[in-house]
Amino acid sequence: MKIVDAKVVVTSPGRNFVTLKITTDEGISGLGDATLNGRELSVASYLRDHVAPLLIGIDPHRIEDTWQSLYRGAYWRRGPVTMAAIAAVDVALWDIKAKAAGLPLYQLLGGASRERVGTYGHASGQDIPELFDSIRARLAEGYPSIRIQTGIPGLKAVYGVHTADHAVDGAPIPHQGARPLVEDWDTSAYLRHMPTVFEAVRNEFGPELPLLHDAHHRLTPIQAAQLGKDLEPYRLFWLEDCTPAEDQNALRLVRGHTTTPLAIGEVFNSLYDYQTLVSEKLIDYVRSAVTHFGGVSPLRKLFDFAAQHQIKSGIHGPEDISPVGMAAAVHLDLAIHNFGIQEYSGYTALTEEVFPHAYTFTSGYLHPGEAPGIGVELNEDLAAAHEYKAAYLPVNRLQDGTVHDW
Ligand code: GCO
Ligand code: MG
């Protein structure tokens with residue numbers, strides 16, 4: 001079999017998605033997700049201008065060799081743009097291999113290790129009553145675990161909370177326009193407020209509901225240690241991205257002070273970003289997405305490395321991973337032994353129409369389905385009818401105007 005075409009499709013059925021479609025001389029084609037929120041066209045160019053020409057004529061079955069040649073052959077290593085592009089190639093080749101074998105991808109990854117994939121959904125509110133309503137809505141949808149985010153008294157717009165500019169579940173929709181939205185931040189107010197939120201939620205919903213929270217990279221190590229300690233009575237499933245993720249050493253200090261489980265890694269794009277974190281057991285969950293980590297091949301290696309240290313998976317699954325990237329994630333989730341949880345907040349009806357898929361979401365649990373490959377199609381006509389729209393993620397500033405991590 002030989003690759004005869006590699007085409008990049010950029011579409012915006014509500015938000016932007018970048019999809020790679022690889023076609024072979026035997027008529028089998030594969031899809032990969034290359035969406036990098038707020039920087040979509042850079043990945044599209046990297047793929048179109050630098051990667052697609054290298055794919056023509058090669059044997060699509062040689063997944064590892066292709067991955068290594070794209071990674072090592074560029075000389076310039078890692079980075080979100082490069083690794084999202086390589087991820088799209090890797091997933092499209094796995095899709096082709098599994099279709100050629102007539103099997104769903106999870107069978108090629110070792111087969112099912114469980115019956116279904118547990119998820120967490122997003123609940124948020126400007127205040128506690130609104131948060132309670134949102135938690136009740138997620139529970140009614142069947143979610144077994146829930147991430148909670150709230151507004152902070154005195155702040156106008158906070159990450160993860162429903163406002164006019166955020167989706168109903170609190171997932172950030174990049175601001176469509178020439179400049180990013182500016183949000184505001186006050187770490188002391190946040191650190192005072194969050195324990196009161198968890199106390200209220202535990203009082204209302206009891207001790208058993210698994211609760212998660214995302215600090216979105218905003219704390220120093222000592223602040224994160226304090227928050228972890230303050231939240232210990234409420235037994236979180238995880239505290240996510242408590243410090244800016246690129247500083248692996250910061251987690252030593254946090255870990256030394258708290259038993260609150262820690263999750264990190266949605267912005268990582270290579271196994272090397274996890275070397276210290278995993279080998280020193282500084283975290284409990286690895287958060288990388290197939291789409292931003294170079295694909296199924298390297299993410300499988302990360303999970304096997306993490307398993308040796310009793311660390312579990314928690315694949316990043318926001319709405320800015322397309323259904324193609326989500327499907328690849330669900331195949332991995334079903335196959336690996338050290339599965340932890342899958343983030344899932346669903347898609348708009350139009351996105352579902354652009355990407356019809358075999359995976360199912362039933363009462364809080366995902367299953368990849370039995371269609372050969374990753375089980376996702378691309379409706380190219382509908383995709384073409386919804387053109388790319390320039391969009392930015394917000395920028396975060398302290399009240400004196402200083403830029404802070406968003
Ligand atoms: C999450 C993430 C997302 C990111 C988004 C950025 O835990 O789901 O933090 O909400 O902010 O993916 O594009
Ligand atoms: Mg996050």
# chains A, B, ... in the order shown; residues from 1 in each chain; ligands from 1

$ closest_atom_pairs --of "chain A" --to "ligand 2" --cutoff "7 Å" --atoms "only C-alpha atoms and all ligand atoms" --output "CSV"
residue,atom,partner,partner_atom_place_in_ligand_line,distance
A:Asp214,CA,ligand 2,1 (Mg),5.5
A:His216,CA,ligand 2,1 (Mg),5.8
A:Glu240,CA,ligand 2,1 (Mg),6.3
A:Asp241,CA,ligand 2,1 (Mg),6.5
A:Glu266,CA,ligand 2,1 (Mg),6.4

$ write_last_selection --atoms "N, CA and C atoms" --output "PDB file, in the first residue's frame"
ATOM      1  N   ASP A 214      -9.671  22.353  38.290  1.00  0.00           N
ATOM      2  CA  ASP A 214      -8.556  22.771  37.433  1.00  0.00           C
ATOM      3  C   ASP A 214      -8.066  24.143  37.881  1.00  0.00           C
ATOM      4  N   HIS A 216      -5.568  25.610  36.478  1.00  0.00           N
ATOM      5  CA  HIS A 216      -5.141  26.221  35.207  1.00  0.00           C
ATOM      6  C   HIS A 216      -3.847  27.017  35.322  1.00  0.00           C
ATOM      7  N   GLU A 240      -5.907  19.780  39.224  1.00  0.00           N
ATOM      8  CA  GLU A 240      -5.215  19.799  37.928  1.00  0.00           C
ATOM      9  C   GLU A 240      -4.393  21.068  37.727  1.00  0.00           C
ATOM     10  N   ASP A 241      -3.252  20.913  37.061  1.00  0.00           N
ATOM     11  CA  ASP A 241      -2.402  22.043  36.640  1.00  0.00           C
ATOM     12  C   ASP A 241      -2.302  23.104  37.736  1.00  0.00           C
ATOM     13  N   GLU A 266      -1.677  18.719  30.132  1.00  0.00           N
ATOM     14  CA  GLU A 266      -2.419  18.961  28.885  1.00  0.00           C
ATOM     15  C   GLU A 266      -1.629  19.820  27.907  1.00  0.00           C
TER      16      GLU A 266
END

$ residues_around --residues "region 379-390 of chain A" --least-positions-apart "4" --cutoff "8 Å" --atoms "only C-alpha atoms" --output "list of chain:residue names"
A:Val9, A:Val10, A:Thr11, A:Ser12, A:Pro13, A:Arg15, A:Asn16, A:Gly38, A:Gln176, A:Gly177, A:Ala178, A:Glu353, A:Val354, A:Phe355, A:Pro356

$ select_by_dssp --residues "region 41-274 of chain A" --states "helix (DSSP H, G or I)" --output "ChimeraX atom specification"
/A:41-55,63-73,80-101,105-108,128-141,187-205,221-234,250-257,271-274

$ residues_near_ligand --ligand "ligand 1" --cutoff "8 Å" --atoms "only C-alpha atoms and all ligand atoms" --output "PDB file with N, CA, C and O atoms, in the first residue's frame"
ATOM      1  N   LEU A  36      -4.985  22.872  17.227  1.00  0.00           N
ATOM      2  CA  LEU A  36      -4.268  23.547  18.310  1.00  0.00           C
ATOM      3  C   LEU A  36      -4.997  24.866  18.539  1.00  0.00           C
ATOM      4  O   LEU A  36      -4.866  25.808  17.751  1.00  0.00           O
ATOM      5  N   ASN A  37      -5.774  24.892  19.618  1.00  0.00           N
ATOM      6  CA  ASN A  37      -6.708  25.992  19.866  1.00  0.00           C
ATOM      7  C   ASN A  37      -6.027  27.361  19.817  1.00  0.00           C
ATOM      8  O   ASN A  37      -5.082  27.616  20.553  1.00  0.00           O
ATOM      9  N   GLY A  38      -6.515  28.232  18.951  1.00  0.00           N
ATOM     10  CA  GLY A  38      -5.984  29.591  18.849  1.00  0.00           C
ATOM     11  C   GLY A  38      -4.768  29.718  17.933  1.00  0.00           C
ATOM     12  O   GLY A  38      -4.308  30.831  17.663  1.00  0.00           O
ATOM     13  N   TYR A 159     -11.534  31.499  34.393  1.00  0.00           N
ATOM     14  CA  TYR A 159     -11.441  30.301  33.562  1.00  0.00           C
ATOM     15  C   TYR A 159     -12.484  29.243  33.972  1.00  0.00           C
ATOM     16  O   TYR A 159     -12.670  28.971  35.153  1.00  0.00           O
ATOM     17  N   GLY A 160     -13.127  28.665  32.973  1.00  0.00           N
ATOM     18  CA  GLY A 160     -13.962  27.492  33.204  1.00  0.00           C
ATOM     19  C   GLY A 160     -15.382  27.792  33.660  1.00  0.00           C
ATOM     20  O   GLY A 160     -16.151  26.870  33.906  1.00  0.00           O
ATOM     21  N   ALA A 171     -16.508  25.371  29.079  1.00  0.00           N
ATOM     22  CA  ALA A 171     -15.324  25.202  28.246  1.00  0.00           C
ATOM     23  C   ALA A 171     -15.051  26.495  27.494  1.00  0.00           C
ATOM     24  O   ALA A 171     -15.977  27.128  26.992  1.00  0.00           O
ATOM     25  N   PRO A 172     -13.796  26.918  27.454  1.00  0.00           N
ATOM     26  CA  PRO A 172     -13.523  28.198  26.813  1.00  0.00           C
ATOM     27  C   PRO A 172     -13.733  28.144  25.304  1.00  0.00           C
ATOM     28  O   PRO A 172     -13.223  27.266  24.640  1.00  0.00           O
ATOM     29  N   PRO A 174     -12.733  30.180  22.139  1.00  0.00           N
ATOM     30  CA  PRO A 174     -11.829  31.280  21.841  1.00  0.00           C
ATOM     31  C   PRO A 174     -12.614  32.469  21.309  1.00  0.00           C
ATOM     32  O   PRO A 174     -13.598  32.304  20.590  1.00  0.00           O
ATOM     33  N   ASP A 214      -9.671  22.353  38.290  1.00  0.00           N
ATOM     34  CA  ASP A 214      -8.556  22.771  37.433  1.00  0.00           C
ATOM     35  C   ASP A 214      -8.066  24.143  37.881  1.00  0.00           C
ATOM     36  O   ASP A 214      -8.804  25.135  37.785  1.00  0.00           O
ATOM     37  N   HIS A 216      -5.568  25.610  36.478  1.00  0.00           N
ATOM     38  CA  HIS A 216      -5.141  26.221  35.207  1.00  0.00           C
ATOM     39  C   HIS A 216      -3.847  27.017  35.322  1.00  0.00           C
ATOM     40  O   HIS A 216      -3.765  28.178  34.891  1.00  0.00           O
ATOM     41  N   GLU A 240      -5.907  19.780  39.224  1.00  0.00           N
ATOM     42  CA  GLU A 240      -5.215  19.799  37.928  1.00  0.00           C
ATOM     43  C   GLU A 240      -4.393  21.068  37.727  1.00  0.00           C
ATOM     44  O   GLU A 240      -4.813  22.157  38.127  1.00  0.00           O
ATOM     45  N   GLU A 266      -1.677  18.719  30.132  1.00  0.00           N
ATOM     46  CA  GLU A 266      -2.419  18.961  28.885  1.00  0.00           C
ATOM     47  C   GLU A 266      -1.629  19.820  27.907  1.00  0.00           C
ATOM     48  O   GLU A 266      -1.870  19.759  26.709  1.00  0.00           O
ATOM     49  N   HIS A 316      -6.772  14.506  28.213  1.00  0.00           N
ATOM     50  CA  HIS A 316      -7.382  15.815  28.000  1.00  0.00           C
ATOM     51  C   HIS A 316      -8.452  15.694  26.906  1.00  0.00           C
ATOM     52  O   HIS A 316      -8.164  15.223  25.814  1.00  0.00           O
ATOM     53  N   GLY A 317      -9.658  16.132  27.205  1.00  0.00           N
ATOM     54  CA  GLY A 317     -10.738  15.984  26.225  1.00  0.00           C
ATOM     55  C   GLY A 317     -11.655  17.185  26.157  1.00  0.00           C
ATOM     56  O   GLY A 317     -12.873  17.056  26.256  1.00  0.00           O
ATOM     57  N   PRO A 318     -11.090  18.395  25.989  1.00  0.00           N
ATOM     58  CA  PRO A 318     -11.964  19.565  25.868  1.00  0.00           C
ATOM     59  C   PRO A 318     -12.611  19.580  24.496  1.00  0.00           C
ATOM     60  O   PRO A 318     -12.266  18.777  23.624  1.00  0.00           O
ATOM     61  N   GLU A 319     -13.503  20.555  24.275  1.00  0.00           N
ATOM     62  CA  GLU A 319     -14.152  20.671  22.959  1.00  0.00           C
ATOM     63  C   GLU A 319     -13.197  21.078  21.862  1.00  0.00           C
ATOM     64  O   GLU A 319     -13.556  21.022  20.688  1.00  0.00           O
ATOM     65  N   ASP A 320     -11.984  21.526  22.240  1.00  0.00           N
ATOM     66  CA  ASP A 320     -11.053  21.930  21.181  1.00  0.00           C
ATOM     67  C   ASP A 320     -10.189  20.762  20.684  1.00  0.00           C
ATOM     68  O   ASP A 320      -9.324  20.952  19.833  1.00  0.00           O
ATOM     69  N   ILE A 321     -10.431  19.551  21.189  1.00  0.00           N
ATOM     70  CA  ILE A 321      -9.930  18.330  20.552  1.00  0.00           C
ATOM     71  C   ILE A 321     -11.092  17.900  19.649  1.00  0.00           C
ATOM     72  O   ILE A 321     -12.218  17.782  20.129  1.00  0.00           O
ATOM     73  N   GLU A 343     -11.735  12.957  30.173  1.00  0.00           N
ATOM     74  CA  GLU A 343     -12.505  14.207  30.153  1.00  0.00           C
ATOM     75  C   GLU A 343     -13.397  14.204  28.904  1.00  0.00           C
ATOM     76  O   GLU A 343     -12.961  13.879  27.816  1.00  0.00           O
ATOM     77  N   LEU A 393      -7.616  32.474  22.453  1.00  0.00           N
ATOM     78  CA  LEU A 393      -7.916  32.198  23.854  1.00  0.00           C
ATOM     79  C   LEU A 393      -7.696  33.488  24.640  1.00  0.00           C
ATOM     80  O   LEU A 393      -6.973  34.372  24.186  1.00  0.00           O
TER      81      LEU A 393
END

$ residues_around --residues "Glu280 (chain A)" --least-positions-apart "2" --cutoff "12 Å" --atoms "only C-alpha atoms" --output "mmCIF file with N, CA, C and O atoms, in the first residue's frame"
data_model
loop_
_atom_site.group_PDB
_atom_site.id
_atom_site.type_symbol
_atom_site.label_atom_id
_atom_site.label_comp_id
_atom_site.auth_asym_id
_atom_site.auth_seq_id
_atom_site.Cartn_x
_atom_site.Cartn_y
_atom_site.Cartn_z
ATOM 1 N N GLN A 248 8.837 21.281 36.053
ATOM 2 C CA GLN A 248 8.626 19.967 36.676
ATOM 3 C C GLN A 248 9.068 19.972 38.144
ATOM 4 O O GLN A 248 8.463 19.319 38.982
ATOM 5 N N ASN A 249 10.142 20.713 38.466
ATOM 6 C CA ASN A 249 10.654 20.728 39.840
ATOM 7 C C ASN A 249 9.649 21.288 40.841
ATOM 8 O O ASN A 249 9.667 20.937 42.011
ATOM 9 N N LEU A 251 6.684 20.624 41.249
ATOM 10 C CA LEU A 251 5.790 19.598 41.808
ATOM 11 C C LEU A 251 6.403 18.875 42.999
ATOM 12 O O LEU A 251 5.688 18.292 43.811
ATOM 13 N N ARG A 252 7.754 18.954 43.135
ATOM 14 C CA ARG A 252 8.391 18.333 44.310
ATOM 15 C C ARG A 252 7.907 19.025 45.578
ATOM 16 O O ARG A 252 7.576 18.370 46.559
ATOM 17 N N ARG A 255 4.112 18.265 46.153
ATOM 18 C CA ARG A 255 3.936 16.875 46.572
ATOM 19 C C ARG A 255 4.368 16.649 48.022
ATOM 20 O O ARG A 255 3.783 15.846 48.740
ATOM 21 N N GLY A 256 5.422 17.395 48.423
ATOM 22 C CA GLY A 256 5.936 17.245 49.783
ATOM 23 C C GLY A 256 4.970 17.738 50.846
ATOM 24 O O GLY A 256 5.141 17.445 52.029
ATOM 25 N N TYR A 274 7.676 14.737 30.949
ATOM 26 C CA TYR A 274 7.196 13.967 32.103
ATOM 27 C C TYR A 274 8.313 13.237 32.847
ATOM 28 O O TYR A 274 8.027 12.559 33.822
ATOM 29 N N GLN A 275 9.563 13.343 32.351
ATOM 30 C CA GLN A 275 10.627 12.497 32.919
ATOM 31 C C GLN A 275 10.687 12.544 34.448
ATOM 32 O O GLN A 275 10.601 11.526 35.111
ATOM 33 N N THR A 276 10.821 13.766 34.999
ATOM 34 C CA THR A 276 10.948 13.928 36.450
ATOM 35 C C THR A 276 9.616 13.622 37.135
ATOM 36 O O THR A 276 9.569 12.919 38.146
ATOM 37 N N LEU A 277 8.541 14.138 36.563
ATOM 38 C CA LEU A 277 7.217 13.990 37.188
ATOM 39 C C LEU A 277 6.840 12.530 37.394
ATOM 40 O O LEU A 277 6.309 12.155 38.437
ATOM 41 N N VAL A 278 7.119 11.704 36.385
ATOM 42 C CA VAL A 278 6.719 10.295 36.478
ATOM 43 C C VAL A 278 7.750 9.496 37.276
ATOM 44 O O VAL A 278 7.393 8.770 38.202
ATOM 45 N N LEU A 282 5.657 12.299 41.182
ATOM 46 C CA LEU A 282 5.220 13.597 41.692
ATOM 47 C C LEU A 282 3.778 13.912 41.337
ATOM 48 O O LEU A 282 3.216 14.908 41.799
ATOM 49 N N ILE A 283 3.180 13.093 40.460
ATOM 50 C CA ILE A 283 1.787 13.295 40.054
ATOM 51 C C ILE A 283 1.064 11.950 40.086
ATOM 52 O O ILE A 283 1.695 10.894 40.220
ATOM 53 N N ASP A 284 -0.262 12.022 39.939
ATOM 54 C CA ASP A 284 -1.081 10.804 39.979
ATOM 55 C C ASP A 284 -1.734 10.499 38.640
ATOM 56 O O ASP A 284 -2.125 9.355 38.392
ATOM 57 N N PHE A 305 5.100 3.928 30.611
ATOM 58 C CA PHE A 305 6.087 4.500 31.540
ATOM 59 C C PHE A 305 5.379 4.850 32.859
ATOM 60 O O PHE A 305 5.844 4.509 33.958
ATOM 61 N N ALA A 306 4.222 5.515 32.759
ATOM 62 C CA ALA A 306 3.471 5.938 33.946
ATOM 63 C C ALA A 306 3.019 4.727 34.767
ATOM 64 O O ALA A 306 3.046 4.754 36.002
ATOM 65 N N GLN A 308 4.456 1.988 35.330
ATOM 66 C CA GLN A 308 5.521 1.469 36.198
ATOM 67 C C GLN A 308 5.597 2.216 37.511
ATOM 68 O O GLN A 308 6.210 1.759 38.462
ATOM 69 N N HIS A 309 5.002 3.426 37.554
ATOM 70 C CA HIS A 309 5.056 4.261 38.754
ATOM 71 C C HIS A 309 3.671 4.449 39.369
ATOM 72 O O HIS A 309 3.456 5.390 40.135
ATOM 73 N N GLN A 310 2.756 3.548 39.022
ATOM 74 C CA GLN A 310 1.385 3.573 39.544
ATOM 75 C C GLN A 310 0.667 4.887 39.248
ATOM 76 O O GLN A 310 -0.129 5.373 40.048
ATOM 77 N N ILE A 311 0.975 5.465 38.106
ATOM 78 C CA ILE A 311 0.320 6.705 37.665
ATOM 79 C C ILE A 311 -0.664 6.337 36.561
ATOM 80 O O ILE A 311 -0.372 5.495 35.712
#

$ select_by_dssp --residues "region 201-316 of chain A" --states "strand (DSSP E or B)" --output "MDAnalysis selection string"
chainID A and resid 211:214 238:240 262:264 285:286 312:315

$ residues_around --residues "region 123-130 of chain A" --least-positions-apart "5" --cutoff "12 Å" --atoms "only C-alpha atoms" --output "VMD selection string"
chain A and resid 135 to 141 143 145 to 164 166 to 172 193 to 194 196 to 204 211 to 214 344 to 345

$ residues_around --residues "Arg116 (chain A)" --least-positions-apart "5" --cutoff "7 Å" --atoms "only C-alpha atoms" --output "number ranges by chain"
A: 334, 365-367

$ atom_distance --atom1 "CA of Pro323 (chain A)" --atom2 "CA of Gly57 (chain A)"
27.8 Å

$ residues_around --residues "region 67-69 of chain A" --least-positions-apart "6" --cutoff "10 Å" --atoms "only C-alpha atoms" --output "ChimeraX atom specification"
/A:54,75,86-87,89-90,93,294-295,297-298

$ decode --residues "region 282-321 of chain A" --atoms "N, CA and C atoms" --output "PDB file, in the first residue's frame"
ATOM      1  N   LEU A 282       5.657  12.299  41.182  1.00  0.00           N
ATOM      2  CA  LEU A 282       5.220  13.597  41.692  1.00  0.00           C
ATOM      3  C   LEU A 282       3.778  13.912  41.337  1.00  0.00           C
ATOM      4  N   ILE A 283       3.180  13.093  40.460  1.00  0.00           N
ATOM      5  CA  ILE A 283       1.787  13.295  40.054  1.00  0.00           C
ATOM      6  C   ILE A 283       1.064  11.950  40.086  1.00  0.00           C
ATOM      7  N   ASP A 284      -0.262  12.022  39.939  1.00  0.00           N
ATOM      8  CA  ASP A 284      -1.081  10.804  39.979  1.00  0.00           C
ATOM      9  C   ASP A 284      -1.734  10.499  38.640  1.00  0.00           C
ATOM     10  N   TYR A 285      -1.897  11.533  37.798  1.00  0.00           N
ATOM     11  CA  TYR A 285      -2.546  11.361  36.487  1.00  0.00           C
ATOM     12  C   TYR A 285      -1.775  12.147  35.434  1.00  0.00           C
ATOM     13  N   VAL A 286      -1.586  11.534  34.263  1.00  0.00           N
ATOM     14  CA  VAL A 286      -0.977  12.229  33.122  1.00  0.00           C
ATOM     15  C   VAL A 286      -2.106  12.689  32.200  1.00  0.00           C
ATOM     16  N   ARG A 287      -2.052  13.979  31.807  1.00  0.00           N
ATOM     17  CA  ARG A 287      -3.210  14.632  31.190  1.00  0.00           C
ATOM     18  C   ARG A 287      -3.107  14.821  29.687  1.00  0.00           C
ATOM     19  N   SER A 288      -2.073  14.299  29.045  1.00  0.00           N
ATOM     20  CA  SER A 288      -1.870  14.651  27.631  1.00  0.00           C
ATOM     21  C   SER A 288      -2.965  14.093  26.735  1.00  0.00           C
ATOM     22  N   ALA A 289      -3.193  14.826  25.630  1.00  0.00           N
ATOM     23  CA  ALA A 289      -4.155  14.403  24.612  1.00  0.00           C
ATOM     24  C   ALA A 289      -3.389  13.768  23.462  1.00  0.00           C
ATOM     25  N   VAL A 290      -4.024  12.811  22.798  1.00  0.00           N
ATOM     26  CA  VAL A 290      -3.450  12.209  21.587  1.00  0.00           C
ATOM     27  C   VAL A 290      -3.023  13.327  20.628  1.00  0.00           C
ATOM     28  N   THR A 291      -3.907  14.315  20.463  1.00  0.00           N
ATOM     29  CA  THR A 291      -3.717  15.385  19.472  1.00  0.00           C
ATOM     30  C   THR A 291      -2.499  16.272  19.741  1.00  0.00           C
ATOM     31  N   HIS A 292      -2.141  16.466  20.996  1.00  0.00           N
ATOM     32  CA  HIS A 292      -1.040  17.400  21.278  1.00  0.00           C
ATOM     33  C   HIS A 292       0.240  16.699  21.683  1.00  0.00           C
ATOM     34  N   PHE A 293       0.220  15.390  21.702  1.00  0.00           N
ATOM     35  CA  PHE A 293       1.366  14.642  22.226  1.00  0.00           C
ATOM     36  C   PHE A 293       2.073  13.843  21.134  1.00  0.00           C
ATOM     37  N   GLY A 294       1.699  14.084  19.876  1.00  0.00           N
ATOM     38  CA  GLY A 294       2.351  13.343  18.789  1.00  0.00           C
ATOM     39  C   GLY A 294       1.628  12.077  18.396  1.00  0.00           C
ATOM     40  N   GLY A 295       0.429  11.839  18.954  1.00  0.00           N
ATOM     41  CA  GLY A 295      -0.376  10.718  18.477  1.00  0.00           C
ATOM     42  C   GLY A 295      -0.507   9.566  19.453  1.00  0.00           C
ATOM     43  N   VAL A 296      -1.119   8.503  18.950  1.00  0.00           N
ATOM     44  CA  VAL A 296      -1.364   7.292  19.745  1.00  0.00           C
ATOM     45  C   VAL A 296      -0.029   6.625  20.122  1.00  0.00           C
ATOM     46  N   SER A 297       0.928   6.613  19.194  1.00  0.00           N
ATOM     47  CA  SER A 297       2.189   5.877  19.439  1.00  0.00           C
ATOM     48  C   SER A 297       2.941   6.405  20.656  1.00  0.00           C
ATOM     49  N   PRO A 298       3.241   7.726  20.739  1.00  0.00           N
ATOM     50  CA  PRO A 298       3.966   8.201  21.918  1.00  0.00           C
ATOM     51  C   PRO A 298       3.111   8.214  23.180  1.00  0.00           C
ATOM     52  N   LEU A 299       1.789   8.419  23.051  1.00  0.00           N
ATOM     53  CA  LEU A 299       0.949   8.453  24.256  1.00  0.00           C
ATOM     54  C   LEU A 299       0.907   7.059  24.889  1.00  0.00           C
ATOM     55  N   ARG A 300       0.894   6.024  24.051  1.00  0.00           N
ATOM     56  CA  ARG A 300       0.950   4.662  24.580  1.00  0.00           C
ATOM     57  C   ARG A 300       2.254   4.427  25.356  1.00  0.00           C
ATOM     58  N   LYS A 301       3.352   4.991  24.814  1.00  0.00           N
ATOM     59  CA  LYS A 301       4.643   4.856  25.526  1.00  0.00           C
ATOM     60  C   LYS A 301       4.580   5.580  26.872  1.00  0.00           C
ATOM     61  N   LEU A 302       3.959   6.768  26.891  1.00  0.00           N
ATOM     62  CA  LEU A 302       3.826   7.503  28.160  1.00  0.00           C
ATOM     63  C   LEU A 302       3.021   6.690  29.170  1.00  0.00           C
ATOM     64  N   PHE A 303       1.907   6.100  28.721  1.00  0.00           N
ATOM     65  CA  PHE A 303       1.070   5.356  29.663  1.00  0.00           C
ATOM     66  C   PHE A 303       1.824   4.143  30.223  1.00  0.00           C
ATOM     67  N   ASP A 304       2.626   3.497  29.375  1.00  0.00           N
ATOM     68  CA  ASP A 304       3.389   2.341  29.864  1.00  0.00           C
ATOM     69  C   ASP A 304       4.460   2.792  30.876  1.00  0.00           C
ATOM     70  N   PHE A 305       5.100   3.928  30.611  1.00  0.00           N
ATOM     71  CA  PHE A 305       6.087   4.500  31.540  1.00  0.00           C
ATOM     72  C   PHE A 305       5.379   4.850  32.859  1.00  0.00           C
ATOM     73  N   ALA A 306       4.222   5.515  32.759  1.00  0.00           N
ATOM     74  CA  ALA A 306       3.471   5.938  33.946  1.00  0.00           C
ATOM     75  C   ALA A 306       3.019   4.727  34.767  1.00  0.00           C
ATOM     76  N   ALA A 307       2.646   3.646  34.070  1.00  0.00           N
ATOM     77  CA  ALA A 307       2.143   2.448  34.763  1.00  0.00           C
ATOM     78  C   ALA A 307       3.191   1.875  35.715  1.00  0.00           C
ATOM     79  N   GLN A 308       4.456   1.988  35.330  1.00  0.00           N
ATOM     80  CA  GLN A 308       5.521   1.469  36.198  1.00  0.00           C
ATOM     81  C   GLN A 308       5.597   2.216  37.511  1.00  0.00           C
ATOM     82  N   HIS A 309       5.002   3.426  37.554  1.00  0.00           N
ATOM     83  CA  HIS A 309       5.056   4.261  38.754  1.00  0.00           C
ATOM     84  C   HIS A 309       3.671   4.449  39.369  1.00  0.00           C
ATOM     85  N   GLN A 310       2.756   3.548  39.022  1.00  0.00           N
ATOM     86  CA  GLN A 310       1.385   3.573  39.544  1.00  0.00           C
ATOM     87  C   GLN A 310       0.667   4.887  39.248  1.00  0.00           C
ATOM     88  N   ILE A 311       0.975   5.465  38.106  1.00  0.00           N
ATOM     89  CA  ILE A 311       0.320   6.705  37.665  1.00  0.00           C
ATOM     90  C   ILE A 311      -0.664   6.337  36.561  1.00  0.00           C
ATOM     91  N   LYS A 312      -1.841   6.981  36.590  1.00  0.00           N
ATOM     92  CA  LYS A 312      -2.897   6.613  35.640  1.00  0.00           C
ATOM     93  C   LYS A 312      -3.124   7.687  34.573  1.00  0.00           C
ATOM     94  N   SER A 313      -3.937   7.303  33.594  1.00  0.00           N
ATOM     95  CA  SER A 313      -4.260   8.218  32.499  1.00  0.00           C
ATOM     96  C   SER A 313      -5.419   9.129  32.876  1.00  0.00           C
ATOM     97  N   GLY A 314      -5.409  10.319  32.278  1.00  0.00           N
ATOM     98  CA  GLY A 314      -6.555  11.231  32.406  1.00  0.00           C
ATOM     99  C   GLY A 314      -6.545  12.090  31.160  1.00  0.00           C
ATOM    100  N   ILE A 315      -6.846  11.484  30.022  1.00  0.00           N
ATOM    101  CA  ILE A 315      -6.638  12.166  28.729  1.00  0.00           C
ATOM    102  C   ILE A 315      -7.461  13.444  28.636  1.00  0.00           C
ATOM    103  N   HIS A 316      -6.772  14.506  28.213  1.00  0.00           N
ATOM    104  CA  HIS A 316      -7.382  15.815  28.000  1.00  0.00           C
ATOM    105  C   HIS A 316      -8.452  15.694  26.906  1.00  0.00           C
ATOM    106  N   GLY A 317      -9.658  16.132  27.205  1.00  0.00           N
ATOM    107  CA  GLY A 317     -10.738  15.984  26.225  1.00  0.00           C
ATOM    108  C   GLY A 317     -11.655  17.185  26.157  1.00  0.00           C
ATOM    109  N   PRO A 318     -11.090  18.395  25.989  1.00  0.00           N
ATOM    110  CA  PRO A 318     -11.964  19.565  25.868  1.00  0.00           C
ATOM    111  C   PRO A 318     -12.611  19.580  24.496  1.00  0.00           C
ATOM    112  N   GLU A 319     -13.503  20.555  24.275  1.00  0.00           N
ATOM    113  CA  GLU A 319     -14.152  20.671  22.959  1.00  0.00           C
ATOM    114  C   GLU A 319     -13.197  21.078  21.862  1.00  0.00           C
ATOM    115  N   ASP A 320     -11.984  21.526  22.240  1.00  0.00           N
ATOM    116  CA  ASP A 320     -11.053  21.930  21.181  1.00  0.00           C
ATOM    117  C   ASP A 320     -10.189  20.762  20.684  1.00  0.00           C
ATOM    118  N   ILE A 321     -10.431  19.551  21.189  1.00  0.00           N
ATOM    119  CA  ILE A 321      -9.930  18.330  20.552  1.00  0.00           C
ATOM    120  C   ILE A 321     -11.092  17.900  19.649  1.00  0.00           C
TER     121      ILE A 321
END
